[in-house]
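Here's the structure, in structure tokens; my notes come after.
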Amino acid sequence: MLKPKNCPRSNIFSLKNKDSMLMFQHSPARVRILISCIVLLLIIVASHAASPARGNGLIFRGGAEGPIQQFVSAVKEARRHLAAAAVARSISIFTMYPLDTLKTRVQVGQENMFRLAGLYKGVAESLFGQVPYGVLTFGSYEMYKKTLLAKFVGVPPPVLYATSAVLGDLTGSGWLCPSEVVKQKMQAGVYSTTGEAIRSILKTKGFAGLYEGYLGCIARDVPFRVAQLTSYEVTKSLYLKMKRRRLEKQAALNGTLFVETQLELSSADAAACGAIAGTFSAAVTCPLDRIKTLLQVDSAAYGGSVIGCASKILRDEGIGGLIQGIGPRVVYIAPSVVIFFIAYEQVQQRLSHWDTSSKRD
């Protein structure tokens, strides 16, 4: 069992006895992160379940129901989003991983960047980090979005989408950073195996080494998620409004009734909306992505902070250094977002139809 040194006492948990605290402190890093994320998600779901607010046709459990019933109800409401996020994240990560490796090689300035060997190095660590991160981020994002839209009716929806995206990404960030540190060090050729990477990081830098570049990760991922989800939601909303008008006009001409369930995104629709969101979000956050990558690969050489790293890049490489790797990043992110949202929308729709059919039966 790996025992990270100088591991700080957790501020998330309040354990009542020394034995349980020592067991938590000396458990593997991934176990502690998993426990932290599970508890955080439970808090989010419980808060969502306890909300008595009603609005926009959304009913939040409360009233006569007890806390257990409220919690179960909230999990049932969120399960479509959680399942859809897990499936979509897995497909998009595995499909586009070689381009992610190429992007990392470009950003750290490796020679022979296009070699085939090692294109999938670190993919298991990426899936281990990215899939739970996607579930936490997108599942909680949907909960935040529904709650905020119901409670703040007068606020423009894009503002609430952006707020929900920030909260959702922060919810998942505690899980993502350690896997990103290990994955990118392996992609850059610093380590050859996961075990070697973890042991070396813990030995030289302690538990904090797994969160090296965390602020850089947040500085990149939060703006990216805001740009991605806000642009996707706005594009999707505009498209569905146009589709509604078209279907209503068609129904009027045919003398039939317009059916609300027809307002769903097809795979092609989701691909178009995802392409716009993916290209835009990947391009505008490229400078932050390079800063995060350099801090996680070699933090000491780049000042150990976001500002220090940015200053060194500008001093050594000029403004162009901040957008180094933008081509591979856009080529990687845009199709990845397209794949993600196609799978995400399709899984959600199928689960929704299945739920509707089950209730009828």
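Ordered as shown in the structure tokens, chains take letters A, B, and onward, while each chain numbers its residues from 1 and ligands are numbered from 1 in the order shown.
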
**OP:** Would you mind listing what lies within 12 Å of Glu111 (chain A) as an NGL selection string, with only C-alpha atoms counted and same-chain residues fewer than 4 positions away left out?
**Re:** :A and (102 or 104-107 or 115 or 188-189)

**OP:** May I have all residues of region 138-260 of chain A that DSSP, computed from the backbone, assigns to helix (DSSP H, G or I), given as a PyMOL selection string?
**Re:** chain A and resi 138-151+157-187+194-205+207-211+214-254+260

So that each row is one residue of region 85-191 of chain A with an atom at most 7 Å from region 202-219 of chain A, can you give its shortest atom pair and the distance in Å to one decimal, using only C-alpha atoms, rows by chain and rising number, as JSON lines?
```
{"residue": "A:Cys177", "atom": "CA", "partner": "A:Tyr211", "partner_atom": "CA", "distance": 5.8}
{"residue": "A:Pro178", "atom": "CA", "partner": "A:Leu210", "partner_atom": "CA", "distance": 4.6}
{"residue": "A:Val181", "atom": "CA", "partner": "A:Leu210", "partner_atom": "CA", "distance": 6.2}
```

**OP:** Pick out the residues sitting within 12 Å of Gln187 (chain A), and hand them over as a PyMOL selection string; count only C-alpha atoms, and ignore anything fewer than 4 positions along from it in its own chain.
**Re:** chain A and resi 97-108+110+113+117-126+180-183+191-194+197+293+296-297

Selected residues written out, N, CA and C atoms, as a short mmCIF file (atom, residue, chain, number, x, y, z; two decimals), in the first residue's frame:
```
data_model
loop_
_atom_site.label_atom_id
_atom_site.label_comp_id
_atom_site.auth_asym_id
_atom_site.auth_seq_id
_atom_site.Cartn_x
_atom_site.Cartn_y
_atom_site.Cartn_z
N TYR A 97 -8.01 9.84 -27.94
CA TYR A 97 -6.82 9.87 -27.09
C TYR A 97 -5.50 10.05 -27.85
N PRO A 98 -5.29 9.41 -29.00
CA PRO A 98 -4.02 9.62 -29.71
C PRO A 98 -3.75 11.09 -30.02
N LEU A 99 -4.78 11.86 -30.37
CA LEU A 99 -4.58 13.27 -30.64
C LEU A 99 -4.25 14.05 -29.37
N ASP A 100 -4.77 13.60 -28.24
CA ASP A 100 -4.43 14.23 -26.97
C ASP A 100 -2.95 14.01 -26.66
N THR A 101 -2.45 12.80 -26.94
CA THR A 101 -1.03 12.51 -26.76
C THR A 101 -0.18 13.40 -27.66
N LEU A 102 -0.59 13.56 -28.92
CA LEU A 102 0.13 14.42 -29.86
C LEU A 102 0.17 15.85 -29.36
N LYS A 103 -0.97 16.34 -28.84
CA LYS A 103 -1.04 17.71 -28.31
C LYS A 103 -0.06 17.90 -27.16
N THR A 104 0.03 16.91 -26.25
CA THR A 104 0.96 17.00 -25.13
C THR A 104 2.41 17.02 -25.62
N ARG A 105 2.72 16.18 -26.60
CA ARG A 105 4.08 16.16 -27.14
C ARG A 105 4.46 17.50 -27.76
N VAL A 106 3.53 18.12 -28.46
CA VAL A 106 3.79 19.43 -29.07
C VAL A 106 4.05 20.47 -28.00
N GLN A 107 3.22 20.46 -26.94
CA GLN A 107 3.32 21.48 -25.91
C GLN A 107 4.60 21.38 -25.09
N VAL A 108 5.12 20.15 -24.90
CA VAL A 108 6.36 20.01 -24.12
C VAL A 108 7.58 20.03 -25.02
N GLN A 110 8.66 17.90 -27.58
CA GLN A 110 9.38 16.65 -27.84
C GLN A 110 9.75 16.53 -29.32
N MET A 113 7.53 13.86 -32.73
CA MET A 113 6.21 13.93 -32.11
C MET A 113 5.21 12.94 -32.72
N ALA A 117 4.54 4.80 -31.44
CA ALA A 117 4.73 4.18 -30.12
C ALA A 117 4.25 5.14 -29.02
N GLY A 118 3.45 4.60 -28.11
CA GLY A 118 3.02 5.37 -26.95
C GLY A 118 1.82 6.26 -27.17
N LEU A 119 1.13 6.13 -28.31
CA LEU A 119 -0.03 7.00 -28.57
C LEU A 119 -1.15 6.76 -27.54
N TYR A 120 -1.24 5.53 -27.05
CA TYR A 120 -2.27 5.23 -26.05
C TYR A 120 -1.68 5.06 -24.65
N LYS A 121 -0.44 5.52 -24.47
CA LYS A 121 0.18 5.43 -23.14
C LYS A 121 -0.57 6.34 -22.17
N GLY A 122 -1.00 5.79 -21.06
CA GLY A 122 -1.73 6.57 -20.06
C GLY A 122 -3.23 6.61 -20.28
N VAL A 123 -3.75 5.84 -21.27
CA VAL A 123 -5.19 5.91 -21.56
C VAL A 123 -6.02 5.37 -20.39
N ALA A 124 -5.51 4.32 -19.72
CA ALA A 124 -6.25 3.76 -18.58
C ALA A 124 -6.37 4.80 -17.47
N GLU A 125 -5.27 5.52 -17.22
CA GLU A 125 -5.30 6.55 -16.19
C GLU A 125 -6.24 7.68 -16.60
N SER A 126 -6.25 7.99 -17.88
CA SER A 126 -7.15 9.05 -18.36
C SER A 126 -8.60 8.65 -18.18
N GLU A 180 -4.71 13.41 -14.20
CA GLU A 180 -4.10 14.22 -15.26
C GLU A 180 -2.59 14.34 -15.05
N VAL A 181 -2.15 14.49 -13.80
CA VAL A 181 -0.72 14.58 -13.51
C VAL A 181 -0.01 13.31 -13.96
N VAL A 182 -0.55 12.15 -13.57
CA VAL A 182 0.05 10.87 -13.93
C VAL A 182 0.00 10.67 -15.44
N LYS A 183 -1.14 10.94 -16.04
CA LYS A 183 -1.32 10.72 -17.49
C LYS A 183 -0.34 11.55 -18.30
N TYR A 191 7.67 8.84 -17.17
CA TYR A 191 7.53 7.53 -16.55
C TYR A 191 6.94 6.55 -17.57
N SER A 192 7.22 5.27 -17.35
CA SER A 192 6.73 4.26 -18.29
C SER A 192 5.52 3.50 -17.78
N THR A 193 5.30 3.48 -16.47
CA THR A 193 4.15 2.77 -15.90
C THR A 193 3.44 3.65 -14.88
N THR A 194 2.17 3.31 -14.63
CA THR A 194 1.38 4.05 -13.65
C THR A 194 1.98 3.93 -12.25
N ALA A 197 5.05 6.02 -11.83
CA ALA A 197 4.71 7.45 -11.74
C ALA A 197 4.20 7.81 -10.36
N THR A 293 -0.45 22.23 -18.75
CA THR A 293 0.39 21.10 -19.17
C THR A 293 1.83 21.27 -18.68
N GLN A 296 2.15 20.77 -14.91
CA GLN A 296 2.01 19.39 -14.46
C GLN A 296 3.19 18.53 -14.87
N VAL A 297 3.82 18.85 -16.01
CA VAL A 297 4.97 18.07 -16.46
C VAL A 297 6.24 18.46 -15.70
#
```

Subject >> Straight-line distance linking CA of Glu248 (chain A) with CA of Val338 (chain A), stated in Å to one decimal >> reply: 28.0 Å

Subject >> Nearest to Glu233 (chain A) by atom-to-atom distance, counting only C-alpha atoms, from A:Phe340, A:Tyr133, A:Tyr161, A:Trp354 >> reply: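 Checking each of A:Phe340, A:Tyr133, A:Tyr161, A:Trp354 against Glu233 (chain A), counting only C-alpha atoms, the winner is A:Tyr161.
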
Original post:
Do you know which residues are at most 12 Å from Glu142 (chain A) counting only C-alpha atoms, after dropping those on the same chain fewer than 6 positions away, and could you put them as an MDAnalysis selection string?
Top reply: chainID A and resid 44:45 48 74 77:82 84:85 134:136 148:149 160:169 229 233 348

Next, dump the selected residues to file, keeping only C-alpha atoms, as an mmCIF file, in the first residue's frame.
```
data_model
loop_
_atom_site.group_PDB
_atom_site.id
_atom_site.type_symbol
_atom_site.label_atom_id
_atom_site.label_comp_id
_atom_site.auth_asym_id
_atom_site.auth_seq_id
_atom_site.Cartn_x
_atom_site.Cartn_y
_atom_site.Cartn_z
ATOM 1 C CA ILE A 44 -24.990 17.959 -3.835
ATOM 2 C CA VAL A 45 -27.707 15.381 -4.437
ATOM 3 C CA HIS A 48 -30.960 19.167 -4.587
ATOM 4 C CA ALA A 74 -32.980 13.076 -6.467
ATOM 5 C CA GLU A 77 -34.001 12.257 -11.347
ATOM 6 C CA ALA A 78 -30.260 12.548 -11.976
ATOM 7 C CA ARG A 79 -29.491 8.991 -13.104
ATOM 8 C CA ARG A 80 -30.111 9.726 -16.791
ATOM 9 C CA HIS A 81 -27.545 12.519 -16.731
ATOM 10 C CA LEU A 82 -25.033 10.440 -14.763
ATOM 11 C CA ALA A 84 -25.260 9.508 -20.188
ATOM 12 C CA ALA A 85 -22.151 11.345 -18.994
ATOM 13 C CA GLY A 134 -17.402 13.565 -16.390
ATOM 14 C CA VAL A 135 -20.085 11.913 -14.278
ATOM 15 C CA LEU A 136 -19.475 14.302 -11.365
ATOM 16 C CA LEU A 148 -30.925 27.802 -10.758
ATOM 17 C CA LEU A 149 -33.375 28.016 -13.676
ATOM 18 C CA LEU A 160 -27.214 30.492 -15.217
ATOM 19 C CA TYR A 161 -25.652 28.037 -17.680
ATOM 20 C CA ALA A 162 -22.252 29.621 -17.029
ATOM 21 C CA THR A 163 -22.737 29.566 -13.247
ATOM 22 C CA SER A 164 -23.815 25.930 -13.349
ATOM 23 C CA ALA A 165 -20.786 25.071 -15.488
ATOM 24 C CA VAL A 166 -18.414 26.671 -12.960
ATOM 25 C CA LEU A 167 -20.004 24.802 -10.043
ATOM 26 C CA GLY A 168 -20.124 21.533 -11.975
ATOM 27 C CA ASP A 169 -16.477 21.656 -12.997
ATOM 28 C CA LEU A 229 -21.576 24.253 -21.972
ATOM 29 C CA GLU A 233 -26.826 25.277 -24.461
ATOM 30 C CA GLN A 348 -30.480 10.588 -22.293
#
```
